[in-house]
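Accompanying notes for the structure given below.
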Amino acid sequence: MSISEVNWDQDLEADPDEEYQSLVRSLRWTDGFGLFFVQCSPTQATRMIDQLQQDLRHKQIHVVTLNSRIDNLYELVANLPDRHEIEILVINGLEESFVDYIRPGYGGQGDYYKLDTVPRVLGNLNLQRERFRDDFPISFVFFLPLFGLKYFIRRAPDFFDWRSGVFEFPTDADKLLEVTDRLFSERETLEEYLVLPPDERHRKILEVEELLRESHHPFEYRAQLLFECALLLDTAEEYEAAVRFYQQLVELDPSQPGVWFNYGLDLLSLSRFEEAMACFDHAIAIDPNFAEAWDSRGIAARKIGDYGRAIDSYTNALKIDPSFHDSRYNLGTAYLEIKNYESALALFQSIVAEKPDYAPAYYNQACIHAQLRNIEEAIEQLAKAIQLNPQKYKQLAASDPDLALIRDSQQFISLLSEE
Amino acid sequence: MVTDLRILKGIYNAFDPFAPLQSGDPVYVDCQSVRGDGNVLVELGKEVLFSDVTTYQLYAGHKGAGKSTELQRLVSYLRENGCFVVYFAADEDDIDPEDAQYADILLACTRRLLEAFKDLANPSPLLTWVKGRWQDLKDLALSEVAFDKLDVEAQIAMFAKLTANIRAVPSMRQEIRRRVDPHTVTLIDALNEFIADAQKHLKSQYDRIVIVADNLDRIVPTPQQDGRSNHEQIFIDRSEQLKALDCHIIYTVPISMLFSERGTDLRSNYGEVQILPMVMIQTRDSEIYEPGLNAMRQVITRRVEPIVREHGYEGEAATVFDSPETLDKLCLMSGGHLRELLLLMRGAVKRSDTLPISAKAVQRSITEARNTYRRTVEDGQWDSLAEVALSKRIPNEGLYRELLFSRCVLEYRLADEEVTCWYDVHPLIRGIEEFQAALQRRE
């Protein structure tokens with residue numbers, strides 16, 4: 001290709017080997033001060049740092065791994081033992097010092113990095129660059145994940161401006177797919193995320209969000225990233241944010257019933273019942289045997305007061321899975337609410353016959369009996385509920401209008417005052 | 001091969017992005033004529049030399065456009081013309097990185113003046129000021145000693161420590177400001193007495209004192225509670241204090257300041273702000289502007305030349321590239337921004353292991369630089385960038401200020417019969433998909 005045919009507006013990405021070679025070359029060529037930025041995942045960082053130590057054996061390399069927040073990198077460097085011997089100083093994990101400052105943008109709201117604060121460590125660096133240059137004849141190599149690099153660029157622009165280069169090693173796409181593949185197939189993986197400590201979850205959201213911002217991902221990969229991000233936000237109970245990701249996700253790939261289902265659940269949590277209903281309809285249209293989706297559709301319908309559809313939905317859920325006690329309970333509650341006490345009672349009784357520790361079924365029976373002025377039976381059922389969960393049901397019983405008719409009775413008063 | 005690597009290493013190191021050129025460096029290329037004919041020596045320097053009253057001027061420009069290099073030249077020029085110049089590049093000892101305020105700047109000037117004049121002038125007015133506040137302040141200096149007991153040297157050191165602690169102990173920051181703020185007027189008075197005394201002693205040798213406060217554009221803009229930026233609060237709301245010292249002062253300010261909603265206030269307080277624009281490599285109509293491009297080529301070749309000579313390389317410096325077009329593209333992609341040019345050049349060199357530097361290496365370097373811009377622009381800014389690209393103007397809005405600050409939008413000037421000024425997006429941004437999409441939406 002002759003040079004005049006080069007399209008200079010076109011990107012020409014280096015492959016990871018070439019990129020690594022130019023990192024090694026620049027470090028070899030640099031005697032004294034220099035700032036190098038390497039963008040890669042934490043796992044890649046560990047591997048690459050080992051490799052660098054081997055490939056640059058004639059240089060004195062020192063590695064600082066940061067696991068928690070620092071405010072002043074200059075001081076940290078100044079106090080390193082043997083500082084005068086160090087030629088290359090690798091700094092891994094500086095993002096720990098500012099990850100808390102980054103509010104995720106939650107689906108392209110545009111306020112991602114717009115902050116009213118500058119993390120101290122970056123504010124300091126921005127003003128310290130001359131002192132770094134004048135006091136440390138050292139090549140600094142910062143290993144940062146993509147979100148960290150991006151934040152660095154924006155919050156310490158002057159320090160970053162003195163860089164000798166940015167070396168990019170995009171996150172290994174296959175690695176991430178492995179995780180999200182599992183997420184797609186097993187709904188249980190959400191549990192795994194539930195146990196993530198909040199700061200780790202925060203970091204993960206930032207990482208995934210950043211990957212999403214890269215526009216070149218193939219379709220499936222993008223869908224999985226969106227799903228992962230939405231699930232993470234679900235576990236953080238950030239439903240409004242999660243909904244934005246589900247929205248993008250169903251636009252991209254409307255064929256996943258599990259996605260529609262989760263989307264619907266978030267809308268339920270946000271009391272957007274009509275929209276939730278539409279999501280469950282989608283899920284069921286794709287997978288008519290999706291019992292949980294039928295059940296949740298029932299909840300949404302009940303919330304809008306459409307009892308016909310609610311009862312219909314629960315009934316379908318139970319047809320698919322007769323042992324779905326929650327759905328049977330929901331159906332009973334729907335009957336209770338439309339004062340079909342007979343059907344309701346039958347359902348609650350059938351639940352406790354199979355599952356004697358299902359406390360709410362006792363409680364609801366108590367409510368029905370109270371409405372029917374069967375005081376003895378009401379008290380009996382309430383006592384069973386209270387036995388299973390004293391705190392919850394005593395509190396509920398104290399003010400529930402459904403129990404108003406028995407509240408003055410001696411048995412009720414003594415039941416609630418029992419220790 | 002081996003020589004190639006040596007030459008490449010030499011070139012690589014000749015393009016340090018972090019070494020402002022000292023006045024008189026032979027690799028300096030005078031770009032005045034392709035930067036709208038602005039000349040810092042004339043515009044800022046003459047103002048200081050010719051004015052009968054003390055002057056307070058602002059100097060603005062994009063990061064890395066060559067401001068510090070130009071200021072170094074100004075400092076030498078002023079010194080040659082009988083000024084006593086206190087130049088300082090503010091650092092984190094001067095300015096609170098999280099929450100910079102005007103008092104920081106005032107105290108920084110104080111500290112530098114004290115250091116500069118400690119053998120020349122009588123520091124007693126300043127020390128009296130500290131003494132008067134000592135009961136109030138000594139815990140802030142983290143000292144229990146009585147101020148009177150210290151010798152002058154130690155008193156000065158204590159003063160420096162006091163100002164430094166404003167930054168060093170973040171938890172105490174608010175408290176320190178609360179106690180110092182009501183006394184800034186008396187501090188300025190004390191400082192002026194000190195300056196007057198220095199002036200007297202300098203009389204025989206120098207006829208004016210000039211402070212050049214560089215790096216103030218390093219204060220990262222942060223929106224304040226009232227919705228304005230900290231830059232506005234410092235340079236506009238507190239302009240009276242910043243203009244209260246009895247000596248000439250030149251402050252560097254972020255270029256985005258000039259586009260503040262109160263830009264007119266800024267001009268009425270400090271006079272016309274001097275701006276260092278980009279080297280004009282393209283005209284307003286996106287035609288290549290040969291004189292500007294040529295200046296950029298020279299920036300490269302002047303730095304390359306000594307290296308190739310040293311290693312006995314045959315041929316012109318420009319032939320370290322595989323073709324003239326490769327060199328030109330490298331220059332054009334810099335947008336006429338000097339540090340960007342250095343970065344692009346470094347990026348290309350480090351991706352080469354033989355000479356000449358290939359189009360491919362330059363293309364890779366361009367990609368690296370473009371990725372940085374991709375990451376700088378926020379989601380909602382692409383449409384604004386498209387707007388600038390089409391109109392070559394910037395409306396006076398906050399959003400565009402940020403784009404100037406982050407160098408996504410560049411300012412150009414052409415001195416013809418009169419100076420015209422326009423804006424364009426950074427050439428590296430043109431190749432980004434999101435920008436292209438935004439452009440299509442506009443057209």
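Residue names in the structure tokens use chain letters A, B, ... in the order shown, residue numbers from 1 in each chain, and ligand numbers from 1 in the order shown.
All of the residues in chain A within 6 Å of chain B are A:Asp9, A:Asp11, A:Leu12, A:Ser22, A:Ser26, A:Trp29, A:Gly110, A:Asp116, A:Val118, A:Arg120, A:Gly123, A:Asn124, A:Leu127, A:Gln128, A:Lys150, A:Trp162, where only C-alpha atoms were counted.
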Write the residues of the preceding selection, restricted to C-alpha atoms, as a compact mmCIF listing (two decimals), in the first residue's frame.
# COMPACT_ATOMS: atom_id res chain seq x y z
CA ASP A 9 -8.48 8.78 10.32
CA ASP A 11 -7.36 3.40 13.78
CA LEU A 12 -4.53 0.93 13.58
CA SER A 22 7.14 -0.99 22.52
CA SER A 26 10.54 2.73 25.76
CA TRP A 29 15.47 3.86 26.18
CA GLY A 110 -23.53 11.34 30.84
CA ASP A 116 -17.50 18.07 42.11
CA VAL A 118 -10.95 15.76 42.83
CA ARG A 120 -6.68 13.94 46.79
CA GLY A 123 -5.14 16.47 42.75
CA ASN A 124 -1.73 16.15 44.33
CA LEU A 127 0.34 19.74 41.01
CA GLN A 128 3.36 17.60 41.80
CA LYS A 150 -10.02 7.23 32.12
CA TRP A 162 3.73 14.43 30.61
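Of the listed residues (A:Phe167, A:Leu80, A:Glu342, A:Phe143), A:Phe167 comes nearest to A:Asp17; the distances count only C-alpha atoms.
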Could you give me, as a VMD selection string, the residues within 12 Å of stretch 383-390 of chain A, counting only C-alpha atoms and dropping anything in the same chain fewer than 5 positions from it? chain A and resid 352 356 to 367 376 to 378 395 to 398 411 to 419
Kindly indicate which residue among B:Lys392, B:His201, B:Val299, B:Tyr102 lies nearest to B:Ile236, using only C-alpha atoms for the distances.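 Comparing B:Lys392, B:His201, B:Val299, B:Tyr102 against B:Ile236, the winner is B:Tyr102.
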Closest of A:Asn316, A:Gln247, A:Ser41, A:Gln381 to A:Glu207 - atom-to-atom distances counting only C-alpha atoms: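 Closest to A:Glu207 of all the choices is A:Ser41.
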